[in-house]
Structure formats: structure tokens, C-alpha cells
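Novice: What follows is the file upload-v2.cif, containing mmCIF, C-alpha atoms:
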data_start
loop_
_atom_site.label_atom_id
_atom_site.label_comp_id
_atom_site.auth_asym_id
_atom_site.auth_seq_id
_atom_site.Cartn_x
_atom_site.Cartn_y
_atom_site.Cartn_z
CA MET A 1 11.63 -29.26 -16.36
CA LYS A 2 9.62 -26.15 -15.80
CA THR A 3 6.84 -25.43 -13.31
CA GLY A 4 3.46 -24.89 -14.97
CA ALA A 5 1.93 -21.42 -14.98
CA LEU A 6 -0.88 -22.43 -12.63
CA ALA A 7 1.45 -24.24 -10.24
CA ALA A 8 3.65 -21.13 -10.15
CA ALA A 9 0.61 -18.95 -9.46
CA ARG A 10 -0.40 -21.28 -6.65
CA LEU A 11 3.06 -21.03 -5.09
CA VAL A 12 2.91 -17.23 -5.27
CA ALA A 13 -0.43 -17.30 -3.47
CA ALA A 14 0.82 -19.78 -0.86
CA ARG A 15 3.88 -17.63 -0.21
CA ASP A 16 1.80 -14.48 0.23
CA LEU A 17 -0.58 -16.26 2.60
CA SER A 18 2.19 -17.59 4.81
CA LEU A 19 3.86 -14.16 4.83
CA ALA A 20 0.59 -12.50 5.78
CA PHE A 21 0.05 -14.73 8.76
CA ARG A 22 3.53 -13.97 10.05
CA LYS A 23 2.85 -10.25 9.89
CA PRO A 24 -0.85 -9.91 10.76
CA SER A 25 -0.61 -6.24 11.69
CA GLN A 26 -0.45 -5.30 8.01
CA LEU A 27 -3.77 -7.04 7.46
CA LEU A 28 -5.51 -5.75 10.55
CA GLN A 29 -4.64 -2.11 9.90
CA PRO A 30 -7.03 -1.53 6.94
CA LEU A 31 -9.72 -3.54 8.68
CA MET A 32 -9.40 -1.50 11.88
CA PHE A 33 -9.48 1.68 9.81
CA PHE A 34 -12.74 0.62 8.18
CA MET A 35 -14.34 -0.28 11.51
CA ILE A 36 -13.27 2.99 13.11
CA VAL A 37 -14.58 5.12 10.23
CA ALA A 38 -17.90 3.29 10.11
CA THR A 39 -18.50 3.32 13.85
CA LEU A 40 -17.53 6.97 14.30
CA PHE A 41 -20.52 8.07 12.22
CA PRO A 42 -23.21 7.17 14.78
CA LEU A 43 -21.21 9.18 17.34
CA THR A 44 -20.85 12.29 15.21
CA LEU A 45 -23.80 12.36 12.82
CA THR A 46 -26.85 11.44 14.87
CA PRO A 47 -27.80 8.58 17.13
CA GLU A 48 -31.14 8.27 15.29
CA LEU A 49 -31.13 4.93 13.48
CA SER A 50 -33.59 6.01 10.79
CA ARG A 51 -31.31 8.83 9.67
CA LEU A 52 -28.16 6.76 10.02
CA ARG A 53 -29.76 4.11 7.83
CA ASP A 54 -29.99 6.63 4.98
CA ALA A 55 -26.30 7.43 5.30
CA ALA A 56 -25.22 3.80 5.81
CA PRO A 57 -24.53 2.81 2.16
CA GLY A 58 -22.32 5.83 1.63
CA VAL A 59 -20.50 5.43 4.93
CA LEU A 60 -19.85 1.74 4.38
CA TRP A 61 -18.62 2.10 0.82
CA ILE A 62 -16.47 5.15 1.38
CA GLY A 63 -14.96 3.37 4.36
CA ALA A 64 -14.37 0.27 2.24
CA LEU A 65 -12.79 2.28 -0.58
CA LEU A 66 -10.43 4.21 1.69
CA SER A 67 -9.47 1.08 3.55
CA SER A 68 -8.74 -0.72 0.29
CA LEU A 69 -6.54 2.20 -0.81
CA LEU A 70 -4.64 1.82 2.45
CA ALA A 71 -4.16 -1.89 1.79
CA LEU A 72 -3.21 -1.42 -1.87
CA GLU A 73 0.09 0.16 -0.91
CA PHE A 74 1.28 -3.18 0.36
CA LEU A 75 0.22 -5.12 -2.74
CA PHE A 76 3.51 -4.82 -4.65
CA ARG A 77 5.65 -2.46 -2.57
CA ASP A 78 7.38 -4.96 -0.30
CA ASP A 79 8.05 -7.31 -3.19
CA ALA A 80 9.47 -4.48 -5.27
CA VAL A 81 11.77 -3.33 -2.46
CA ASP A 82 13.30 -6.73 -1.69
CA GLY A 83 13.73 -7.76 -5.33
CA THR A 84 11.05 -10.46 -5.33
CA LEU A 85 9.14 -8.82 -8.20
CA GLU A 86 12.35 -8.67 -10.18
CA GLN A 87 12.80 -12.40 -9.72
CA PHE A 88 9.18 -12.95 -10.75
CA ALA A 89 9.81 -10.99 -13.93
CA LEU A 90 12.94 -13.07 -14.62
CA SER A 91 11.50 -16.46 -13.70
CA GLY A 92 10.55 -17.38 -17.24
CA GLN A 93 6.96 -17.69 -16.06
CA SER A 94 3.99 -15.60 -17.06
CA LEU A 95 4.07 -12.48 -14.91
CA THR A 96 0.37 -12.03 -15.67
CA TRP A 97 -0.61 -15.22 -13.86
CA MET A 98 1.66 -14.54 -10.92
CA LEU A 99 0.30 -11.03 -10.43
CA PHE A 100 -3.25 -12.33 -10.81
CA ALA A 101 -2.50 -14.79 -8.01
CA LYS A 102 -1.05 -11.98 -5.92
CA THR A 103 -4.11 -9.82 -6.51
CA CYS A 104 -6.54 -12.60 -5.62
CA THR A 105 -4.58 -13.36 -2.45
CA HIS A 106 -4.60 -9.69 -1.60
CA TRP A 107 -8.40 -9.62 -1.91
CA LEU A 108 -8.66 -12.78 0.15
CA LEU A 109 -6.64 -11.12 2.90
CA THR A 110 -8.16 -7.63 2.79
CA GLY A 111 -11.40 -7.38 0.78
CA LEU A 112 -13.06 -10.54 1.99
CA PRO A 113 -12.36 -9.97 5.71
CA LEU A 114 -13.68 -6.44 5.29
CA ALA A 115 -16.92 -7.68 3.70
CA LEU A 116 -17.31 -10.32 6.39
CA SER A 117 -16.74 -7.90 9.25
CA ALA A 118 -18.93 -5.17 7.75
CA PRO A 119 -22.13 -6.42 9.46
CA LEU A 120 -20.71 -5.22 12.80
CA ALA A 121 -20.40 -1.70 11.47
CA ALA A 122 -23.66 -1.98 9.51
CA LEU A 123 -25.68 -2.88 12.59
CA ALA A 124 -24.35 0.19 14.36
CA LEU A 125 -25.59 2.20 11.38
CA GLY A 126 -29.08 0.78 11.61
CA VAL A 127 -28.94 -1.54 8.61
CA PRO A 128 -31.68 -4.17 9.01
CA VAL A 129 -30.50 -7.72 9.59
CA ALA A 130 -32.34 -8.89 6.47
CA ALA A 131 -30.14 -6.67 4.30
CA LEU A 132 -26.82 -7.92 5.72
CA GLY A 133 -26.43 -10.88 3.34
CA ALA A 134 -26.87 -8.72 0.25
CA MET A 135 -24.52 -6.09 1.70
CA ILE A 136 -21.78 -8.66 2.32
CA ALA A 137 -22.17 -9.98 -1.23
CA ALA A 138 -21.98 -6.48 -2.72
CA LEU A 139 -18.93 -5.56 -0.63
CA ALA A 140 -17.15 -8.82 -1.47
CA LEU A 141 -17.76 -8.37 -5.19
CA GLY A 142 -16.98 -4.67 -5.13
CA SER A 143 -13.77 -5.08 -3.16
CA PHE A 144 -12.62 -7.72 -5.65
CA GLY A 145 -13.10 -5.16 -8.41
CA LEU A 146 -11.23 -2.60 -6.32
CA SER A 147 -8.30 -4.99 -5.84
CA LEU A 148 -8.08 -5.61 -9.59
CA VAL A 149 -8.26 -1.93 -10.53
CA GLY A 150 -5.80 -1.21 -7.74
CA ALA A 151 -3.33 -3.79 -9.04
CA ILE A 152 -2.93 -1.82 -12.28
CA CYS A 153 -2.42 1.42 -10.39
CA ALA A 154 -0.07 -0.16 -7.86
CA GLY A 155 1.99 -1.49 -10.77
CA LEU A 156 2.05 1.91 -12.44
CA THR A 157 3.22 3.72 -9.30
CA LEU A 158 6.00 1.22 -8.49
CA GLY A 159 8.65 3.48 -9.94
CA ALA A 160 7.42 6.62 -8.19
CA ARG A 161 9.34 7.57 -5.08
CA ARG A 162 6.31 8.72 -3.10
CA GLY A 163 3.89 6.31 -4.70
CA GLY A 164 1.25 6.44 -1.98
CA VAL A 165 -0.43 9.71 -2.88
CA LEU A 166 -0.15 9.05 -6.60
CA LEU A 167 -1.66 5.62 -6.10
CA SER A 168 -4.72 7.12 -4.42
CA LEU A 169 -5.10 9.80 -7.09
CA LEU A 170 -4.91 7.20 -9.82
CA THR A 171 -7.19 4.64 -8.20
CA LEU A 172 -9.98 6.96 -7.00
CA PRO A 173 -11.46 7.96 -10.38
CA LEU A 174 -11.23 4.39 -11.64
CA SER A 175 -13.08 3.06 -8.64
CA VAL A 176 -16.03 5.47 -8.91
CA PRO A 177 -18.21 3.00 -10.88
CA ILE A 178 -17.66 0.35 -8.22
CA LEU A 179 -18.53 2.89 -5.53
CA VAL A 180 -21.72 3.98 -7.33
CA PHE A 181 -23.08 0.51 -8.06
CA GLY A 182 -21.93 -0.92 -4.74
CA SER A 183 -23.60 1.72 -2.62
CA ASP A 184 -26.68 1.49 -4.83
CA ALA A 185 -26.88 -2.26 -4.17
CA THR A 186 -26.56 -1.64 -0.44
CA ARG A 187 -29.23 1.08 -0.52
CA LEU A 188 -31.64 -1.21 -2.39
CA ALA A 189 -30.95 -4.02 0.08
CA ILE A 190 -31.73 -1.73 3.02
CA VAL A 191 -35.13 -0.75 1.59
CA GLY A 192 -35.78 -4.39 0.77
CA ALA A 193 -35.74 -4.06 -3.01
CA ASP A 194 -34.15 -6.29 -5.64
CA ILE A 195 -30.39 -5.72 -5.91
CA ALA A 196 -29.86 -7.70 -9.12
CA GLY A 197 -29.27 -4.62 -11.31
CA PRO A 198 -26.26 -3.11 -9.54
CA MET A 199 -24.94 -6.59 -8.71
CA TYR A 200 -24.82 -7.40 -12.42
CA MET A 201 -22.88 -4.23 -12.99
CA LEU A 202 -20.45 -5.07 -10.18
CA SER A 203 -20.03 -8.56 -11.65
CA ALA A 204 -19.41 -7.10 -15.08
CA ILE A 205 -16.71 -4.84 -13.66
CA ALA A 206 -15.13 -7.79 -11.85
CA VAL A 207 -15.14 -9.90 -15.03
CA LEU A 208 -13.64 -7.06 -17.03
CA GLY A 209 -11.05 -6.66 -14.29
CA VAL A 210 -10.16 -10.36 -14.24
CA THR A 211 -9.66 -10.30 -17.99
CA LEU A 212 -7.67 -7.11 -18.36
CA ALA A 213 -6.19 -6.06 -15.02
CA PRO A 214 -3.54 -8.81 -14.68
CA LEU A 215 -2.28 -8.12 -18.21
CA ALA A 216 -2.13 -4.39 -17.57
CA ALA A 217 -0.55 -4.90 -14.14
CA ALA A 218 2.15 -7.15 -15.60
CA ALA A 219 2.99 -4.57 -18.25
CA ALA A 220 3.01 -1.83 -15.62
CA VAL A 221 5.26 -3.80 -13.29
CA ARG A 222 7.78 -4.48 -16.06
CA ILE A 223 7.97 -0.75 -16.70
CA GLY A 224 8.11 -0.04 -12.98
CA LEU A 225 11.13 -2.31 -12.51
CA GLU A 226 13.25 -0.22 -14.89
CA MET B 1 26.00 -18.10 -26.85
CA LEU B 2 25.22 -14.77 -25.25
CA SER B 3 25.93 -11.96 -27.59
CA VAL B 4 25.62 -8.28 -26.80
CA SER B 5 26.03 -5.92 -29.69
CA GLY B 6 26.08 -2.15 -29.92
CA LEU B 7 24.25 -1.52 -26.67
CA HIS B 8 23.41 2.11 -25.93
CA LEU B 9 21.44 3.06 -22.86
CA TRP B 10 20.55 6.36 -21.26
CA ARG B 11 19.47 6.83 -17.66
CA GLY B 12 17.78 10.22 -17.63
CA ASP B 13 20.20 12.45 -19.50
CA ARG B 14 23.24 10.31 -18.75
CA HIS B 15 24.55 8.13 -21.55
CA VAL B 16 25.53 5.18 -19.36
CA LEU B 17 26.22 2.41 -21.86
CA ARG B 18 28.05 3.56 -24.97
CA ASN B 19 28.26 0.99 -27.69
CA VAL B 20 28.90 -2.02 -25.45
CA SER B 21 29.51 -5.25 -27.36
CA PHE B 22 30.80 -8.59 -26.20
CA GLU B 23 30.35 -12.26 -26.69
CA ALA B 24 30.13 -14.87 -23.93
CA ILE B 25 30.70 -18.51 -24.76
CA PRO B 26 30.11 -21.66 -22.68
CA GLY B 27 32.87 -22.34 -20.21
CA ARG B 28 34.00 -18.73 -20.00
CA CYS B 29 33.32 -16.06 -17.45
CA VAL B 30 33.03 -12.44 -18.49
CA LEU B 31 34.14 -10.15 -15.67
CA LEU B 32 32.69 -6.66 -15.88
CA THR B 33 35.00 -4.22 -14.21
CA GLY B 34 35.08 -0.46 -13.98
CA ARG B 35 34.73 2.27 -11.41
CA ASN B 36 31.57 3.03 -9.46
CA GLY B 37 28.93 4.38 -11.79
CA ALA B 38 30.54 2.90 -14.89
CA GLY B 39 27.33 1.05 -15.68
CA LYS B 40 28.12 -2.50 -14.59
CA THR B 41 24.77 -3.03 -12.90
CA THR B 42 22.98 -1.25 -15.74
CA LEU B 43 24.59 -3.56 -18.26
CA LEU B 44 23.62 -6.65 -16.26
CA ARG B 45 20.04 -5.42 -15.94
CA ALA B 46 19.90 -4.65 -19.64
CA ILE B 47 21.12 -8.15 -20.47
CA ALA B 48 18.53 -9.65 -18.13
CA GLY B 49 15.82 -7.62 -19.83
CA LEU B 50 14.96 -5.47 -16.82
CA LEU B 51 16.08 -2.37 -18.72
CA GLU B 52 15.28 -1.64 -22.34
CA PRO B 53 18.35 -0.40 -24.20
CA GLU B 54 17.74 2.49 -26.59
CA GLU B 55 19.89 0.85 -29.22
CA GLY B 56 21.57 -2.48 -29.73
CA GLN B 57 20.60 -6.04 -29.15
CA VAL B 58 21.07 -8.87 -26.69
CA SER B 59 20.83 -12.32 -28.21
CA TRP B 60 20.83 -15.72 -26.62
CA ARG B 61 21.43 -18.81 -28.72
CA GLY B 62 21.22 -16.68 -31.82
CA THR B 63 17.82 -15.07 -31.25
CA SER B 64 17.01 -11.73 -29.74
CA THR B 65 16.03 -12.09 -26.08
CA ARG B 66 13.10 -9.75 -26.65
CA GLN B 67 11.46 -12.28 -28.93
CA THR B 68 11.94 -15.31 -26.71
CA ARG B 69 11.82 -13.65 -23.33
CA ASN B 70 10.36 -16.50 -21.25
CA GLU B 71 12.63 -19.14 -22.81
CA PHE B 72 15.65 -16.93 -22.17
CA HIS B 73 14.62 -16.22 -18.58
CA ALA B 74 14.09 -19.93 -17.91
CA GLU B 75 17.81 -20.39 -18.60
CA LEU B 76 18.88 -17.34 -16.63
CA ALA B 77 19.75 -16.84 -12.97
CA TYR B 78 20.16 -13.19 -11.96
CA LEU B 79 21.57 -12.16 -8.60
CA GLY B 80 21.40 -8.43 -7.96
CA HIS B 81 22.85 -6.19 -5.23
CA GLU B 82 20.28 -7.26 -2.67
CA PRO B 83 19.59 -10.95 -2.12
CA PRO B 84 15.92 -11.36 -3.20
CA LEU B 85 14.78 -12.91 0.07
CA LYS B 86 11.77 -12.41 2.31
CA GLY B 87 12.82 -11.48 5.82
CA ASP B 88 9.90 -13.21 7.49
CA LEU B 89 10.50 -16.56 5.83
CA THR B 90 13.31 -18.96 6.65
CA ALA B 91 16.12 -19.53 4.16
CA ARG B 92 14.69 -22.91 3.27
CA GLU B 93 11.16 -21.55 2.70
CA ASN B 94 12.49 -18.67 0.64
CA LEU B 95 14.23 -21.03 -1.76
CA ALA B 96 11.38 -23.53 -1.87
CA TYR B 97 9.04 -20.76 -3.04
CA SER B 98 11.34 -18.80 -5.31
CA ILE B 99 12.81 -21.86 -7.04
CA GLY B 100 9.48 -23.72 -7.02
CA ILE B 101 8.09 -20.97 -9.22
CA ARG B 102 10.73 -21.81 -11.82
CA ARG B 103 10.90 -25.58 -11.59
CA PRO B 104 9.66 -28.38 -9.31
CA VAL B 105 12.18 -28.65 -6.49
CA THR B 106 12.49 -31.13 -3.62
CA GLY B 107 13.45 -30.38 -0.03
CA ALA B 108 16.55 -32.53 -0.40
CA GLU B 109 17.75 -30.44 -3.36
CA VAL B 110 17.25 -27.24 -1.36
CA ASP B 111 19.17 -28.70 1.58
CA ALA B 112 22.00 -29.83 -0.66
CA ALA B 113 22.35 -26.39 -2.22
CA LEU B 114 22.26 -24.69 1.17
CA ALA B 115 24.93 -27.08 2.42
CA ARG B 116 27.08 -26.35 -0.66
CA THR B 117 27.06 -22.62 0.05
CA GLY B 118 27.66 -23.11 3.76
CA ALA B 119 24.17 -21.99 4.73
CA ALA B 120 22.89 -25.26 6.19
CA LYS B 121 23.43 -24.13 9.78
CA PHE B 122 21.01 -21.24 9.53
CA ALA B 123 18.60 -22.71 6.99
CA ASP B 124 15.71 -22.64 9.45
CA ARG B 125 16.23 -19.14 10.78
CA ALA B 126 14.12 -16.24 9.55
CA VAL B 127 16.18 -14.40 6.96
CA ARG B 128 15.80 -11.03 8.70
CA LEU B 129 17.86 -12.45 11.59
CA LEU B 130 20.75 -13.35 9.29
CA SER B 131 23.81 -11.23 8.59
CA ALA B 132 24.37 -9.74 5.13
CA GLY B 133 26.99 -12.39 4.33
CA GLN B 134 24.72 -15.19 5.45
CA ARG B 135 21.93 -13.83 3.25
CA ARG B 136 24.33 -13.71 0.34
CA ARG B 137 25.10 -17.41 0.88
CA VAL B 138 21.37 -18.24 0.85
CA ALA B 139 20.95 -16.23 -2.37
CA LEU B 140 23.90 -18.07 -3.95
CA ALA B 141 22.18 -21.36 -3.08
CA GLY B 142 19.21 -20.00 -5.02
CA VAL B 143 21.41 -19.33 -8.05
CA LEU B 144 22.69 -22.91 -7.86
CA LEU B 145 19.18 -24.32 -7.58
CA ALA B 146 17.87 -22.42 -10.58
CA ASN B 147 19.72 -24.90 -12.84
CA ALA B 148 20.32 -22.05 -15.23
CA VAL B 149 22.83 -21.99 -18.06
CA LEU B 150 23.51 -18.28 -17.82
CA TRP B 151 24.41 -16.62 -14.53
CA LEU B 152 24.32 -12.86 -14.22
CA LEU B 153 25.96 -11.93 -10.93
CA ASP B 154 26.20 -8.41 -9.57
CA GLU B 155 29.06 -8.22 -7.05
CA PRO B 156 28.52 -11.85 -6.01
CA ALA B 157 31.17 -11.79 -3.30
CA THR B 158 30.00 -8.65 -1.48
CA ASN B 159 29.74 -9.08 2.29
CA LEU B 160 31.40 -12.48 2.15
CA ASP B 161 34.43 -13.49 4.22
CA ALA B 162 37.64 -14.80 2.64
CA GLU B 163 36.30 -18.32 2.58
CA GLY B 164 33.12 -17.00 0.97
CA GLN B 165 35.13 -15.32 -1.80
CA HIS B 166 36.66 -18.69 -2.62
CA LEU B 167 33.24 -20.29 -2.49
CA VAL B 168 31.97 -17.86 -5.16
CA ALA B 169 35.01 -18.60 -7.33
CA ASP B 170 34.47 -22.34 -6.90
CA LEU B 171 30.79 -22.06 -7.76
CA VAL B 172 31.60 -20.05 -10.86
CA ALA B 173 34.31 -22.56 -11.86
CA GLU B 174 31.86 -25.44 -11.46
CA GLN B 175 29.28 -23.59 -13.54
CA LEU B 176 31.87 -23.03 -16.27
CA ALA B 177 32.82 -26.72 -16.11
CA ARG B 178 29.15 -27.55 -16.78
CA ALA B 179 29.48 -25.48 -19.99
CA GLY B 180 27.59 -22.65 -18.35
CA VAL B 181 28.04 -18.97 -19.09
CA VAL B 182 28.77 -16.46 -16.33
CA VAL B 183 28.75 -12.69 -16.53
CA ALA B 184 29.78 -11.09 -13.25
CA ALA B 185 30.27 -7.48 -12.22
CA VAL B 186 33.15 -7.33 -9.76
CA HIS B 187 35.40 -4.87 -7.97
CA HIS B 188 37.96 -7.47 -6.92
CA SER B 189 38.83 -10.13 -9.41
CA LEU B 190 37.65 -13.62 -8.57
CA PRO B 191 40.38 -16.21 -7.93
CA LEU B 192 39.72 -18.08 -11.17
CA ALA B 193 41.96 -19.63 -13.77
CA ALA B 194 43.03 -16.86 -16.15
CA GLU B 195 42.21 -18.85 -19.28
CA SER B 196 38.53 -19.00 -18.38
CA LEU B 197 38.24 -15.25 -17.85
CA THR B 198 37.49 -12.42 -20.21
CA GLU B 199 37.65 -8.97 -18.72
CA LEU B 200 35.49 -6.15 -19.97
CA THR B 201 36.20 -2.75 -18.50
CA LEU B 202 33.47 -0.12 -18.65
CA ASP B 203 34.34 3.58 -18.55
CA VAL B 204 32.52 6.13 -16.49
CA ALA B 205 30.25 8.14 -18.79
#
Would you mind writing the structure in this file as C-alpha cells?
Specialist:
Amino acid sequence: MKTGALAAARLVAARDLSLAFRKPSQLLQPLMFFMIVATLFPLTLTPELSRLRDAAPGVLWIGALLSSLLALEFLFRDDAVDGTLEQFALSGQSLTWMLFAKTCTHWLLTGLPLALSAPLAALALGVPVAALGAMIAALALGSFGLSLVGAICAGLTLGARRGGVLLSLLTLPLSVPILVFGSDATRLAIVGADIAGPMYMLSAIAVLGVTLAPLAAAAAVRIGLE
Amino acid sequence: MLSVSGLHLWRGDRHVLRNVSFEAIPGRCVLLTGRNGAGKTTLLRAIAGLLEPEEGQVSWRGTSTRQTRNEFHAELAYLGHEPPLKGDLTARENLAYSIGIRRPVTGAEVDAALARTGAAKFADRAVRLLSAGQRRRVALAGVLLANAVLWLLDEPATNLDAEGQHLVADLVAEQLARAGVVVAAVHHSLPLAAESLTELTLDVA
């Protein structure tokens, strides 16, 4: 008897969650990085809240992007080193589903905490309290897109010896749309306007990512294992 | 049952596998021997489907493994150089997850397999605290639990003590008795009955 594809995906997610909680430093590092970047701006740019507010969308999203790049390195690397990915590829199960589960778990452990802790940094940047909800939503959606795009790139750079730099170079251009629409949504939220437009675009990117990224990541990982 | 025909494989500009062909039937163990760098691991990985050969074909039950990849992999247990274990999980957790992905597995089954490979004593210790030989025993329990017909073993007895070497031979003999197929890359021959062994020596390219 064989485990179903969804049950296998659930086990992959459960395993990643229990591993993450035994090694929390790997999760906290990108989060700390984001908080440090975002809170250094008021110290260096200007203490004036009105001017900081103008820079806030850019600061928050660049911080989020860089922090997600930092976290992406851990998405497949450990599993590739210890042979777990190899066993996934040889399990007779759909690698696509298992990598999708891994990517979702990765977002749950990095993107979501980042979005939820962003208000701390946002308040220091003068973002009005009324805009925080919309900002969290945009960051959560955007970081999900970033995780999906990143999964493809992380898969592609598996075989490279110094994958880190290559991973960033590959992911950055692909994540520009998310950066543009995400910071636009945050800017609109700060001035109190309707954020539906950019949020639709972010959702569209996320849907496209959910449909295509796991397939592409699975193909990339199979090549990377060679 | 497993048939490898005319396999050619290059790694970079090195022609590692040159026209490798063999047949493995139920109840027989194919021992891959040869010096370091002869391509034993490469051949095992090519059979498993982790490497794409430039030429030649691997078939399982008469069909090419490329066409029925998931069905083939469901019947395959592959144990590479490094035991595929997570250092932060215990031996028991490692197996529950890695085997659970393949088939539903109960705690009692995991315990029985760990006991069979002499790993019961350290089943609840984090794997990173185990010695290389102990890890190997945990990984062998995983091979047992996979309930696979075909075993591909890369140096299965590495890091094991004398008793461990016999354990590997016993496990292989039991697998052969179940009409399983075993292909193992070895440096030292396993203490197995000669009639169940076929030796295939690879030459350094």
C-alpha cells in the first residue's frame, strides 16, 4: 500500500515544522535581519516621521525581499546535503507535491512571521496604524509569491557549488513585479487609498506561482541532484 | 527483472560507464566491484534514475524505468554513501517521516526494524549524536521498512563492525529469500552463499 500524494505532502510539512522548532536560530536570522534593516532607517535617514513615511514602502519591501533571499538558501540546501531530497525523488511520490509542501512550510516559517512582525518596524517608520492591516496583507501575499519564485531558483542552484550568490542573482529580477506591486499597495495604504489594484496583481502572481512553481522546482531539483 | 543494457555515461569529459549491461533476477545479488572511481556509485545512481545515461536503457519488469518512474521507485530502496537522516530528529522520527512518505507505517513496525538492525538502544537519540556505524544501522532499518523489491546499496557495510558486516549479509540473504533483487557496490565481498551472487567488475575509465 502506498501513501497518498497529499498525505505524503502533509508529512513533509510536518517534518519541516518539527525540524524548524528544534533549530529556531535559522528562522530568527532572516527576521532579525529585516527588523534591523527597517529600524536603522529612522536612525540614518531622518527622524522626521513625515519624510520617513514616504520612504516606508520601499524600506519595508526591500527589507522583506533581502530577508527572504537570506531565508531561501535554507529551503532545499540542508535536504540536498543530507540526501533527503534524493530520497524524496526516489520515493515513488510526486516530487511536485512534496516540494509544494516544503515551499508552503517555508513561507509559514519565514514569510508569515515577517509580515506579522512588520508593524513594529512600520510604526518606527511613521506608517499610520490604519494602514497596518493592509500592509500585513500585502507583505503576506507578496512573501508567498517570493517563496514560490524562490523555490524554482533554489532548485536550479542546487548543483552550483557557491549557490548563494547565484540564487540571489537569479531571484532578484524575477521578484521585481512582486516588489513593485507590493510597495505600491503599501504606499496606497499609507495615503489611505484603495489597495485593490496592486493586491489583485499580487494575488495573480501568487496563483501563477502556485500553479507553475512546484512543477518547475521539481524539474529543477531532479536536474540538480545529478 | 532488472535489466541494464548498453549503458554509457559521461561525467564531464570522463567516460565513466562504458557499455555496462547486466541482468538481475529475483533471489540473486549482483555485487558491483572495482577500484575507486570505477563508476560503482555512478552506475547505482543511473539505475535509480538520479543520473540520466547518455545511451542505453534500464528496465524494470520489462518496461523502461523512464516511462514508469514512480511505479519503479515505489519498489526501490536506495541507500547511498551517506545515510539520509536528519541530525536533529531521533532515529525513530527519521524513519517515521521518511518511510511514512512512501507507505503508511506504524510505530511498532519502525521499532521492529530498528531492533532487527541493532539500533533499538539508540532509537530515541538525536541522529547527530550517533556514530557513523550507528547511523548506518538506522539507515539499514529504513531500507528494510521500505518493503521494496529492489535494493540498491552503495557500500552498505561501511563503518560497521564485524557483527554489522554479518548483519548486512543476513539482511541481503533474507531479501533474496523473499525473491527480492539486490544490487550492491562493495569493496569487500559480503559473506553470502556463492550461488546467490553474481559479480560484476567495473574498470576504471
Novice: Since I can't run it myself right now, could you work out what the PyMOL selection byres ((chain B) within 8 of (chain A)) selects here and report it as an MDAnalysis selection string?
Specialist: chainID B and resid 48 50:52 69:78 82:86 88:89 97:98 100:104
Novice: Using the chain letters and numbers from this file, what does the PyMOL selection byres ((chain B and resi 29) around 9) select? Give the answer as a PyMOL selection string.
Specialist: chain B and resi 24-28+30-31+172-173+176+180-184+196-199
Novice: Could you tell me how far CA of Phe33 (chain A) lies from CA of Leu60 (chain A), in Å and to one decimal?
Specialist: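 These two atoms are separated by 11.7 Å.
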Novice: How would you write, as a tab-separated table (two decimals) with C-alpha atoms, in the frame of the given file, the residues chosen by the PyMOL selection byres ((chain B and resi 62) around 12) on this structure?
Specialist:
chain	number	residue	atom	x	y	z
B	1	MET	CA	26.00	-18.10	-26.85
B	2	LEU	CA	25.22	-14.77	-25.25
B	3	SER	CA	25.93	-11.96	-27.59
B	4	VAL	CA	25.62	-8.28	-26.80
B	5	SER	CA	26.03	-5.92	-29.69
B	23	GLU	CA	30.35	-12.26	-26.69
B	25	ILE	CA	30.70	-18.51	-24.76
B	57	GLN	CA	20.60	-6.04	-29.15
B	58	VAL	CA	21.07	-8.87	-26.69
B	59	SER	CA	20.83	-12.32	-28.21
B	60	TRP	CA	20.83	-15.72	-26.62
B	61	ARG	CA	21.43	-18.81	-28.72
B	63	THR	CA	17.82	-15.07	-31.25
B	64	SER	CA	17.01	-11.73	-29.74
B	65	THR	CA	16.03	-12.09	-26.08
B	66	ARG	CA	13.10	-9.75	-26.65
B	67	GLN	CA	11.46	-12.28	-28.93
B	68	THR	CA	11.94	-15.31	-26.71
B	72	PHE	CA	15.65	-16.93	-22.17
Novice: Hey, which of A:Ala124, A:Leu172, A:Leu132, A:Ala196 ends up closest to Thr46 (chain A)? Count all atoms listed in the file.
Specialist: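 Checking each candidate against Thr46 (chain A), we get A:Ala124 as the closest.
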Novice: When you draw a straight line from CA of Thr171 (chain A) to CA of Ser117 (chain A), how long is it in Å?
Specialist: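 These atoms are spaced 23.5 Å apart.
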Novice: Just to confirm, what's the straight-line distance from CA of Ala169 (chain B) to CA of His81 (chain B) in Å (one decimal)?
Specialist: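 Between these atoms lies a distance of 17.5 Å.
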Novice: Could you check which of B:Leu114, B:Ala179, B:Leu153, B:Leu171 is closest to Lys40 (chain B), using all atoms listed in the file?
Specialist: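 The closest residue to Lys40 (chain B) is B:Leu153.
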Novice: Could you name the residues that touch Phe144 (chain A) at 8 Å or less, counting only C-alpha atoms, but leaving out those on the same chain fewer than 2 positions away, as a ChimeraX atom specification?
Specialist: /A:104,107,111,140-142,146-148,206
Novice: Need to verify the contact set: Thr117 (chain B), 12 Å, only C-alpha atoms, exclusion of same-chain residues closer than 3 positions in sequence. Can you return it as a PyMOL selection string?
Specialist: chain B and resi 110-114+120-123+133-145+160+163-171
Novice: From the list A:Ile205, A:Leu125, A:Ala138, A:Leu31, which residue is nearest Arg51 (chain A) when using all atoms listed in the file?
Specialist: A:Leu125
Novice: Taking all atoms listed in the file into account, name the residue in B:Ala91, B:Ala108, B:Leu152, B:Val204 that is nearest to Asp124 (chain B).
Specialist: B:Ala91
Novice: Of the residues B:Arg35, B:Arg128, B:Arg18, B:Arg178, which is the one nearest to Glu54 (chain B), using only C-alpha atoms?
Specialist: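 Smallest distance to Glu54 (chain B) is found for B:Arg18.
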Novice: Taking all atoms of region 124-135 of chain B that the file lists and extending 5 Å past them on each side, where is the centre of the axis-aligned box and how long are its edges? Answer in Å to one decimal, as JSON.
Specialist:
{"center_x": 20.6, "center_y": -16.2, "center_z": 7.4, "size_x": 22.9, "size_y": 22.9, "size_z": 18.3}
Novice: Find the spatial neighbours of region 34-36 of chain A, counting all atoms listed in the file, within a cut-off of 12 Å - ignore same-chain residues fewer than 3 positions away - and output them as a PyMOL selection string.
Specialist: chain A and resi 27-31+39-43+59-71+110-111+113-125
Novice: Let me make sure I understand: among A:Ser183, A:Thr211, A:Thr96, A:Ser25, which one has the smallest atom-to-atom distance to Ala134 (chain A) if we use all atoms listed in the file?
Specialist: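 Comparing A:Ser183, A:Thr211, A:Thr96, A:Ser25 against Ala134 (chain A), the winner is A:Ser183.
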